[in-house]
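In what follows, a structure is listed as structure tokens, so that the remarks can point back to it.
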There are 2 protein chains.
Amino acid sequence: MDHTFAIGIDIGGTNTDIGLVRSDGICIARLNFRTTDFTTAETFVDRLCSTIGILLKDSDSSVLQGIGIGAPNGNSLTGCIEEASNLPQLSNLPLKRILEERMRLPVAVGNDANAAALGEMVYGGAKHLQDFVTITLGTGVGSGIVINHRLLLGEHGNAGEIGHSILVPDGRSCSCGRRGCVEEYASARGICKTFIKLRNATGNYNGMLHGIDDSQLTPKLIAEAAQQGDALSIATYQRTGYYLGLTCANVVSHIAPQKIFLMGGPMQAGSLIMNPTQQSFAENLLMIYRGQVSIEITHLPANDAAIMGAAALLQWTMDNRTLNS
Amino acid sequence: MDHTFAIGIDIGGTNTDIGLVRSDGICIARLNFRTTDFTTAETFVDRLCSTIGILLKDSDSSVLQGIGIGAPNGNSLTGCIEEASNLPQLSNLPLKRILEERMRLPVAVGNDANAAALGEMVYGGAKHLQDFVTITLGTGVGSGIVINHRLLLGEHGNAGEIGHSILVPDGRSCSCGRRGCVEEYASARGICKTFIKLRNATGNYNGMLHGIDDSQLTPKLIAEAAQQGDALSIATYQRTGYYLGLTCANVVSHIAPQKIFLMGGPMQAGSLIMNPTQQSFAENLLMIYRGQVSIEITHLPANDAAIMGAAALLQWTMDNRTLNS
């Protein structure tokens, strides 16, 4: 069987991942660099192009379909990355136009979280679903909403910012300038904030993560400590699951999807985060929805999900299925 | 011009309103009775049929298209009123089948809040909108979501319960058995609860509503007191507007509609509730949505909005435009 290929690029607040994705969804090569190393759009784009070049060096360009890019606030209607609180150096960059000129390939730009939803639909667990939502936990919390097998974009291409719905009125300060957003409770940063808050409330924490500087904390470290029995770390994930389950219950009250898929780094904690999330979801779900909707971890391989989503975004665009509903 | 007619029925937790609606949306006759006077489904249906009979007495039945019914948890896919926390005596009643047999007319049953959205689309301010949301404040808080000019129902016909999204985690106890639902802050009951809470916090309230028993409080009484300068009543509406604006901002983070229409009894307080709602919406809206979405009071006449919505539900069904997206 002959395959075509696409470049899938996930630009995150912390890392930029670039992969060569086969048309059956297998990521056959990948490279990455730190987004935060580049403080201007120009140096970032230079590095992006040179990395794509390295990845394509040994490839047959005749079967390369193009480049799909998922980015925070990437807008598939304009081809720009718009105001992105996690990515200030790339704000309002017309990435589609710039890359098409430099790489001489078709380029599709979209919201990274919408790309993830397309990845789930094209390659993952949502192939046969009409209505579903994906929520991606990372530096921020992104979401993609599919209704009637179509991505919900809204008139301006920016629907589906569930991570910036306000979960706790007057709650934690968010990078978006408001308070209490889901993102401040369920993102990597949010999980660390919860740990710090619980630790400070305890006063006499002397567990496995004692002495580690707050700036060095990560969800992965906290998960490892929890898996080795650190009570405060376990409590951190229980609290995170509470917030995440509550968020999912609120999504259902709006959209009533058939499934919600969770993905992103913190979900690699597995049952540590999924069990309390499922419990909170069950407790906070309005009764009429019980038994109608479930939460699952993405069916995409954790390391490649974002890249596959970006490739799915290109494939979707190439199929002439307009992203504009 | 020859008109056809439809019976529009709005079954609320408190009152049931029945109107004869002309095809241009004008409600030419109306009757009502108290829903709460009927503790069984059978006596309620008897009264419903006799009231329809009175309304039709002098009408030409040849131009009567049928009966549209909006009810809490009315499900247009099943024709039933399903579990409705505000309407226990009618739970799981197959109202469409029962009324079609008794009245020998086509009957459409739907969620009252979805009916309101259809009313706004057929007769009101949403005629030319692709994506909009209506939020109805009454005994509860209902909502209807239209995406791509189609009512969002979800697989099971019960999408759009924004009133039961959780606004304040671990907040006020809701009739649905959970805590902190929008409904407990923005419904008629919620407004009264806010008044009582503010009054109890003050301790020495001696204003216009002093001495009125809590069970006698209504949003209308509080609005009248506010309009005459009662500081606590003004504060009650300011707080209500805060909650409502926050709710609308969260709706936008999910769906990014073009407009949100507010309707229902408490909205008759006009600027008293709209000003703080607009302010809270502006403050709580994620920056990327600013200037893209507005909140308006329904364009439907306040007294007839629910009846017109129910008639629109029938018209919509008769047009063979399936409600099931």
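Chains: A, B, ... in order of the structure tokens. Residues: from 1 per chain. Ligands: from 1, in order shown.
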Determine which residues of chain B sit within 6 Å of chain A, taking into account only C-alpha atoms, and present them as a PDB file with C-alpha atoms, in the first residue's frame.
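Output file result_35.pdb is given in full below:
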ATOM      1  CA  GLY B 154     -27.601  16.030  21.348  1.00  0.00           C
ATOM      2  CA  ALA B 159     -28.506  19.284  25.357  1.00  0.00           C
ATOM      3  CA  GLY B 160     -28.561  22.887  26.564  1.00  0.00           C
ATOM      4  CA  GLU B 161     -29.140  22.720  30.315  1.00  0.00           C
ATOM      5  CA  ILE B 162     -27.010  25.771  31.020  1.00  0.00           C
ATOM      6  CA  SER B 165     -24.101  24.042  34.863  1.00  0.00           C
ATOM      7  CA  ASN B 250     -18.923  30.900  30.236  1.00  0.00           C
ATOM      8  CA  SER B 253     -16.125  30.136  26.131  1.00  0.00           C
ATOM      9  CA  HIS B 254     -17.919  26.955  25.109  1.00  0.00           C
ATOM     10  CA  ILE B 255     -19.912  27.898  22.019  1.00  0.00           C
ATOM     11  CA  ALA B 256     -18.960  31.411  20.891  1.00  0.00           C
TER      12      ALA B 256
END
* Residues at most 12 Å from region 210-218 of chain B, counting only C-alpha atoms, excluding those fewer than 2 positions away in the same chain, as a VMD selection string? -> chain B and resid 138 to 139 187 to 197 199 to 200 203 to 208 220 to 225 230 232 to 233 236 265 to 266 269
* helix (DSSP H, G or I) positions in region 202-321 of chain A, given as number ranges by chain -> A: 202, 214-216, 219-227, 231-255, 265-269, 271-284, 287-289, 305-318
* To do: Give me the residues within 12 Å of region 30-36 of chain B as JSON, numbers by chain, counting only C-alpha atoms and dropping any in the same chain fewer than 2 places off.
  => {"B": [6, 7, 8, 9, 10, 11, 12, 13, 14, 15, 16, 17, 18, 19, 20, 21, 22, 26, 27, 28, 38, 39, 40, 41, 43, 44, 45, 47, 48, 50, 51, 52, 53, 54, 55, 56, 71, 86, 87, 88, 89, 90, 139, 303, 304, 306, 307, 308]}
* To do: Counting only C-alpha atoms, figure out which residue out of B:Asp112, B:Asp58, B:Asp37, B:Glu101 gets nearest to Ala311 (chain B).
  =>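 Checking each of B:Asp112, B:Asp58, B:Asp37, B:Glu101 against Ala311 (chain B), counting only C-alpha atoms, the winner is B:Asp112.
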* Distance in Å - CA of Tyr185 (chain A) versus CA of Leu209 (chain A) ->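 Between these atoms lies a distance of 19.8 Å.
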* Could you give me, as a list of chain:residue names, the residues within 9 Å of region 97-100 of chain B, counting only C-alpha atoms and dropping anything in the same chain fewer than 5 positions from it? =>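 Listing them by chain and then by number gives B:Val45, B:Cys49, B:Ile67, B:Gly79, B:Cys80, B:Leu105, B:Pro106, B:Val107.
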* To do: Would you please give, as a ChimeraX atom specification, all residues of region 112-324 of chain B that DSSP assigns to strand (DSSP E) based on the backbone?
  => /B:132-137,141-147,150-151,259-263,294-297
* **Given only C-alpha atoms as the counted atoms, nearest of A:Leu95, A:Ile295, A:Ile273, A:Ala235 to Thr78 (chain A)** => A:Leu95
